[in-house]
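Engineer: Here it is, the structure in full.
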Protein chains: 2
Amino acid sequence: MDSAARARPTLRDVAQLAGVSPKTVSRVVNGEPGVSPSKAGAVERAIRQLEYRPNITASSLRRAGGRTAAVAAVLEDVSNPFSSALYRALEDVAHARDVMVFAGSVEEDPARERALVRAFAMRQADAMLIVPASDNQAYLTREVTTGTPLVFVDRPPVGLHTDAVLVDNESGAADAVRHLAAHGHRDIAFLGDLHTIATARRRFQGYKEALSDHGIRPDPAHIAHDLHTTEAAEAAFGRLLDSATPPTACFSAQNLITIGAIRALRARGLQHRVAVVGFDDFPLADLLEPAVTVVSQDPYRMGRVAADILFRRLDGEDWEPTTHLVETRLIVRGSGELPPPT
Amino acid sequence: MDSAARARPTLRDVAQLAGVSPKTVSRVVNGEPGVSPSKAGAVERAIRQLEYRPNITASSLRRAGGRTAAVAAVLEDVSNPFSSALYRALEDVAHARDVMVFAGSVEEDPARERALVRAFAMRQADAMLIVPASDNQAYLTREVTTGTPLVFVDRPPVGLHTDAVLVDNESGAADAVRHLAAHGHRDIAFLGDLHTIATARRRFQGYKEALSDHGIRPDPAHIAHDLHTTEAAEAAFGRLLDSATPPTACFSAQNLITIGAIRALRARGLQHRVAVVGFDDFPLADLLEPAVTVVSQDPYRMGRVAADILFRRLDGEDWEPTTHLVETRLIVRGSGELPPPT
DNA sequence: GGCAGCTTTGACAACGATGTCAAGGAGTGT
DNA sequence: ACACTCCTTGACATCGTTGTCAAAGCTGCC
């Protein structure tokens, strides 16, 4: 074991080597004025010689406000494209200000949401971007009153008054379903995510609304909720397709679900017969055959908007917490325009 | 402005409310023995009442070794599937130990690699997982000597002796190209990533090696390097396809490049005529038509292996730094088995 | 009652850095 | 030579927490 390694040099070590006081080193490191060129030079040499790196966690302890120059992202699953686009957007904005980003995956587990938030708070994250999974965020009241900026993304906070960046799920879903209806479909299946997720419920609302606009009564046999993985969606939609009265079209309310639906169609050779519109775009949707028509929500843009809010709050701007809606957009590619069988 | 908010409660506040000394609170918080039940009860009540959360950065300052219970990931691009699978694997292992993860995207920029490493070091990350972009990591010598575990993933460190988790790029690439040759192709194009990337060079080596095994001389006109985006790959492969003597097959050495190649084929209606094998799997590769044959590298597994190494080192285990090779696997799906035109 | 031996408790310094403030020196104007 | 300013510089306390150590309190036993 040579892990009895020598310790990282501290500001004191630099001071000693340069023959000045610690405070003078601090001044040089932080670019404060009022250090003679000769001492500044000596300090800089010592810093280079020792490869000194300031300890930010220590300095943030003392600094006003205790800023740590790190923000946190509480995401659904770092490895899914929606979350990672959010992350990337936050990182891009943070990077421009030399701020680091912590992240963690919640996976629809309310307990994990709280654990992550707690862990980030204990690490003095300056701000948090949160995609919540629990049904109540009142436990974050303390963060709000201590002035830690919070921005909720994709799903609104409950029991808390903060900024949020959302998508109009209801109208986006309704657009999708109206599009199918406009192409002559009346038997439109609904494949939805966990009903514990607020956005999933809103999308279902939009679905019902659009059907009712077209005077269609939803068929309970063609509605499947609580699909949270591609596999679950594939199995569920497969059952609908194999039933005596299969739907002629399908609105799938989330991208993994859409992929599951497409797999079910492929497995039956029905991909050119049954129309599909998905909520949420996904990579390569345009390369499938037929290419997949989707309602897109641009997670990168949502992340940018959220990150901007976050940093404006960190800069001290203040305003009444607001909900920002990011537009959805129907992207017509083929799968949503297949006509019903005559 | 109500951001003159009251400050987060500290251990002192808890002590005062509970009528004990700070040290006693510290003992309760850390589950140290030797606190009378009555005082412990009072402290716990005070903690709940104030919603006290310990400040980890402060405690790690004092604690032996200065562990911060946070590790860092220096990735290529958080939002690409390869990186985010690595991230997710690290997060899964870290989560089990209540360790948080910082991450940042390097984007093949050596300066950014150094900036990120520096930033993470300044934040006292306990360990780092690194996908390097620069051609020399000697600047990390200090971290190694101070005992910060480092694990390199996907690309080996240069100028540094540390653990690494790599893929046998050369043999993986050779497998891909041999597969094409075995299906009768002799005109096999190579589409490669930035030649500054070590893995890209190795894959090119594998390509040449496999060709020479089959007695084929590489045709310089059918080799394109330095493609780093889907768009660049699409344009470059398009030019090859439009030339007087187009290749009959293509080995694309990275997943974004593969997608670019497929787009180029699609745009020309050649996707069922020209064979493609890609390095690195990607989501939906099996749903395209033809489905895409790839050499897969399982980034999640690589991340797991790297994370295990990282935490075993953090636990104090010691061994001579080792390079772990994770197997590649040829996944036959269709695009790689198209025969050359007769 | 007195003393050893245990447990419980808190005073104090320290981690690495910075805010505050006053001391010391150089320069200016009279 | 003096009073005054301005610029450098470092001593010291402090951020929130924990390691060290000794004091205080209790028990049991002679």
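Going by the structure tokens order, chains are called A, B, ..., each with residues numbered from 1, while ligands are numbered from 1 in the order shown.
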Name the residues of range 115-312 of chain B that come out as strand (DSSP E) in a backbone DSSP run; write them as a PyMOL selection string.
Structural biologist: chain B and resi 128-130+150-153+163-167+188-191+223-224+249-252+275-279+293-296
Engineer: Can I get the residues of chain B within 9 Å of chain D, each with the closest pair of atoms and their distance in Å to one decimal, using only C-alpha atoms (C1' of nucleotides), sorted chain first then ascending number, as a tab-separated table?
Structural biologist:
residue	atom	partner	partner_atom	distance
B:Thr10	CA	D:DG16	C1'	6.9
B:Leu11	CA	D:DG16	C1'	7.2
B:Arg12	CA	D:DG16	C1'	8.4
B:Lys23	CA	D:DT18	C1'	7.8
B:Ser26	CA	D:DT18	C1'	7.5
B:Pro54	CA	D:DG16	C1'	8.4
B:Asn55	CA	D:DG16	C1'	6.8
B:Ile56	CA	D:DT17	C1'	8.4
B:Thr57	CA	D:DG16	C1'	8.6
B:Ala58	CA	D:DG16	C1'	5.3
B:Ser59	CA	D:DT17	C1'	4.5
B:Ser60	CA	D:DT17	C1'	8.0
B:Leu61	CA	D:DT17	C1'	7.7
B:Arg62	CA	D:DT18	C1'	5.8
B:Arg63	CA	D:DT18	C1'	6.3
B:Ala64	CA	D:DG19	C1'	8.9
Engineer: For the residues in that selection, give me C-alpha atoms as an mmCIF file, in the first residue's frame.
Structural biologist:
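So the final result, stored in again-v4.cif, reads:
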data_model
loop_
_atom_site.group_PDB
_atom_site.id
_atom_site.type_symbol
_atom_site.label_atom_id
_atom_site.label_comp_id
_atom_site.auth_asym_id
_atom_site.auth_seq_id
_atom_site.Cartn_x
_atom_site.Cartn_y
_atom_site.Cartn_z
ATOM 1 C CA THR B 10 -26.556 24.305 11.516
ATOM 2 C CA LEU B 11 -25.457 21.787 14.025
ATOM 3 C CA ARG B 12 -25.046 24.626 16.519
ATOM 4 C CA LYS B 23 -20.304 17.662 19.812
ATOM 5 C CA SER B 26 -22.504 15.400 16.039
ATOM 6 C CA PRO B 54 -25.768 18.096 7.994
ATOM 7 C CA ASN B 55 -23.407 19.912 5.680
ATOM 8 C CA ILE B 56 -21.373 17.151 4.112
ATOM 9 C CA THR B 57 -18.815 19.448 2.593
ATOM 10 C CA ALA B 58 -17.996 20.845 6.020
ATOM 11 C CA SER B 59 -17.763 17.453 7.626
ATOM 12 C CA SER B 60 -15.571 16.058 4.890
ATOM 13 C CA LEU B 61 -13.228 18.923 5.567
ATOM 14 C CA ARG B 62 -12.607 17.661 9.043
ATOM 15 C CA ARG B 63 -12.991 13.947 8.572
ATOM 16 C CA ALA B 64 -10.000 11.760 8.058
#
Engineer: List the spatial neighbours of range 308-318 of chain A as a PyMOL selection string - criterion: any atom at most 12 Å away, only C-alpha atoms (C1' of nucleotides), same-chain residues fewer than 2 positions off excluded.
Structural biologist: (chain A and resi 65+67-73+89-99+125-130+144+147-153+162-165+301-306+320-324) or (chain B and resi 1-4)
Engineer: In Å, rounded to a single decimal, give me how far CA of Gln16 in chain B is from C1' of DG10 in chain C.
Structural biologist: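 Computed distance, C1' of DG10 in chain C to CA of Gln16 in chain B, equals 13.0 Å.
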Engineer: Enumerate the residues of range 220-342 of chain A with a DSSP assignment of helix (DSSP H, G or I), computed from the backbone, and present them as an MDAnalysis selection string.
Structural biologist: chainID A and resid 220:222 230:242 255:267 299:314
Engineer: Can you tell me how far CA of Pro339 in chain A sits from CA of His222 in chain A, in Å to one decimal?
Structural biologist: 18.3 Å
Engineer: Write out as a list in words which residues come within 12 Å of Arg45 in chain A when counting only C-alpha atoms (C1' of nucleotides), dropping same-chain ones fewer than 2 positions away.
Structural biologist: Val14, Ala15, Leu17, Ala18, Gly19, Val25, Val28, Val29, Ser38, Lys39, Ala40, Gly41, Ala42, Val43, Ile47, Arg48, Gln49, Leu50, Glu51 and Tyr52 of chain A
Engineer: Excluding Ala111 in chain B and residues on its chain fewer than 2 positions from it, collect all residues at most 12 Å away from it, counting only C-alpha atoms (C1' of nucleotides), and give them as an MDAnalysis selection string.
Structural biologist: chainID B and resid 105:109 113:118 132:137 139
Engineer: List the neighbours of range 262-267 of chain B out to 10 Å using only C-alpha atoms (C1' of nucleotides); skip same-chain residues closer than 4 positions along the sequence, and give me the result as a list of chain:residue names.
Structural biologist: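 Here the qualifying residues turn out to be A:Leu284, A:Asp286, A:Leu287, B:Thr230, B:Glu231, B:Ala233, B:Glu234, B:Ala235, B:Ala236, B:Phe237, B:Gly238, B:Arg239, B:Leu240, B:Leu241, B:Ser252, B:Leu256, B:Ile257, B:Thr258, B:Gln271, B:His272, B:Arg273, B:Val274, B:Ala275, B:Val276, B:Leu288, B:Glu289, B:Pro290, B:Val292, B:Ser335.
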Engineer: Please build the interface table for chain C against chain B with a cut-off of 10 Å, listing for each qualifying residue the nearest atom pair and the distance in Å to one decimal; count only C-alpha atoms (C1' of nucleotides), order rows by chain and increasing number, and write it as a Markdown table.
Structural biologist:
| residue | atom | partner | partner_atom | distance |
| --- | --- | --- | --- | --- |
| C:DT7 | C1' | B:Gly34 | CA | 7.0 |
| C:DT8 | C1' | B:Gly34 | CA | 6.4 |
| C:DT9 | C1' | B:Thr24 | CA | 7.5 |
| C:DG10 | C1' | B:Ser21 | CA | 6.0 |
| C:DA11 | C1' | B:Ser21 | CA | 9.5 |
| C:DA14 | C1' | B:Arg62 | CA | 7.4 |
| C:DC15 | C1' | B:Arg62 | CA | 4.3 |
| C:DG16 | C1' | B:Leu61 | CA | 7.5 |
Engineer: Output the selection as a CSV table (one decimal), in the first residue's frame - C-alpha atoms (C1' of nucleotides) for each residue.
Structural biologist:
chain,number,residue,atom,x,y,z
C,7,DT,C1',-19.8,6.3,31.0
C,8,DT,C1',-21.3,10.7,29.4
C,9,DT,C1',-20.3,15.3,28.2
C,10,DG,C1',-18.4,19.4,26.5
C,11,DA,C1',-14.1,22.6,25.6
C,14,DA,C1',-8.4,21.8,13.6
C,15,DC,C1',-9.8,20.9,8.5
C,16,DG,C1',-8.8,24.7,4.1
Engineer: Would you list the contacts of Ser212 in chain B as a list in words, taking every protein, DNA or RNA residue within 12 Å and counting only C-alpha atoms (C1' of nucleotides), but skipping same-chain residues closer than 4 positions in sequence?
Structural biologist: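 Non-adjacent residues within range: Ala174, Val177, Arg178, Ala181, Arg186, Gln205, Gly206, Tyr207, Lys208, Ile216, Arg217, Pro218 and Asp219 of chain B.
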Engineer: Can I get the selection written as a PDB file, in the first residue's frame, with N, CA and C atoms?
Structural biologist:
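Contents of part_36.pdb, as written:
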ATOM      1  N   ALA B 174     -11.903  -5.912 -36.867  1.00  0.00           N
ATOM      2  CA  ALA B 174     -11.505  -6.962 -37.810  1.00  0.00           C
ATOM      3  C   ALA B 174     -12.642  -7.974 -37.981  1.00  0.00           C
ATOM      4  N   VAL B 177     -15.179  -6.568 -40.375  1.00  0.00           N
ATOM      5  CA  VAL B 177     -14.737  -6.526 -41.769  1.00  0.00           C
ATOM      6  C   VAL B 177     -14.622  -7.948 -42.343  1.00  0.00           C
ATOM      7  N   ARG B 178     -14.156  -8.872 -41.519  1.00  0.00           N
ATOM      8  CA  ARG B 178     -14.091 -10.263 -41.983  1.00  0.00           C
ATOM      9  C   ARG B 178     -15.480 -10.799 -42.315  1.00  0.00           C
ATOM     10  N   ALA B 181     -16.305  -9.566 -45.638  1.00  0.00           N
ATOM     11  CA  ALA B 181     -15.514 -10.282 -46.646  1.00  0.00           C
ATOM     12  C   ALA B 181     -16.058 -11.695 -46.839  1.00  0.00           C
ATOM     13  N   ARG B 186     -15.412  -7.276 -51.466  1.00  0.00           N
ATOM     14  CA  ARG B 186     -13.988  -6.949 -51.562  1.00  0.00           C
ATOM     15  C   ARG B 186     -13.784  -5.442 -51.585  1.00  0.00           C
ATOM     16  N   GLN B 205      -6.952   0.113 -37.816  1.00  0.00           N
ATOM     17  CA  GLN B 205      -5.972  -0.969 -37.874  1.00  0.00           C
ATOM     18  C   GLN B 205      -6.657  -2.309 -38.112  1.00  0.00           C
ATOM     19  N   GLY B 206      -7.723  -2.543 -37.337  1.00  0.00           N
ATOM     20  CA  GLY B 206      -8.453  -3.799 -37.455  1.00  0.00           C
ATOM     21  C   GLY B 206      -9.008  -3.977 -38.858  1.00  0.00           C
ATOM     22  N   TYR B 207      -9.478  -2.887 -39.403  1.00  0.00           N
ATOM     23  CA  TYR B 207     -10.017  -2.903 -40.766  1.00  0.00           C
ATOM     24  C   TYR B 207      -8.944  -3.342 -41.760  1.00  0.00           C
ATOM     25  N   LYS B 208      -7.785  -2.694 -41.657  1.00  0.00           N
ATOM     26  CA  LYS B 208      -6.710  -3.025 -42.600  1.00  0.00           C
ATOM     27  C   LYS B 208      -6.254  -4.475 -42.429  1.00  0.00           C
ATOM     28  N   ILE B 216      -6.968  -8.496 -49.565  1.00  0.00           N
ATOM     29  CA  ILE B 216      -7.541  -7.317 -50.219  1.00  0.00           C
ATOM     30  C   ILE B 216      -6.672  -6.113 -49.905  1.00  0.00           C
ATOM     31  N   ARG B 217      -6.422  -5.294 -50.925  1.00  0.00           N
ATOM     32  CA  ARG B 217      -5.662  -4.062 -50.687  1.00  0.00           C
ATOM     33  C   ARG B 217      -6.651  -2.935 -50.436  1.00  0.00           C
ATOM     34  N   PRO B 218      -6.513  -2.226 -49.334  1.00  0.00           N
ATOM     35  CA  PRO B 218      -7.473  -1.138 -49.071  1.00  0.00           C
ATOM     36  C   PRO B 218      -7.418  -0.084 -50.174  1.00  0.00           C
ATOM     37  N   ASP B 219      -8.560   0.390 -50.556  1.00  0.00           N
ATOM     38  CA  ASP B 219      -8.641   1.410 -51.596  1.00  0.00           C
ATOM     39  C   ASP B 219      -8.751   2.785 -50.934  1.00  0.00           C
TER      40      ASP B 219
END
Engineer: Could you check the closest approach to Val78 in chain A for each of A:Ala176, A:Val131, A:Val294, A:Cys250 and tell me which residue wins, using only C-alpha atoms?
Structural biologist: A:Val131
Engineer: Measuring atom to atom with only C-alpha atoms, identify which of B:Leu86, B:Ala249, B:Met122, B:Ala221 is nearest to chain A.
Structural biologist: B:Met122
Engineer: I'd like to know which of A:Gln297, A:Thr248, A:Gln124, A:Asn169 is closest to Pro81 in chain A, using only C-alpha atoms.
Structural biologist: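 Among A:Gln297, A:Thr248, A:Gln124, A:Asn169, it is A:Gln297 that comes nearest to Pro81 in chain A.
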Engineer: Identify which of the residues A:Gly104, A:Gly31, A:Pro110, A:Pro220 lies closest to chain B, counting only C-alpha atoms when measuring atom-to-atom distances.
Structural biologist: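 With only C-alpha atoms as the atom set, the closest residue is A:Gly104.
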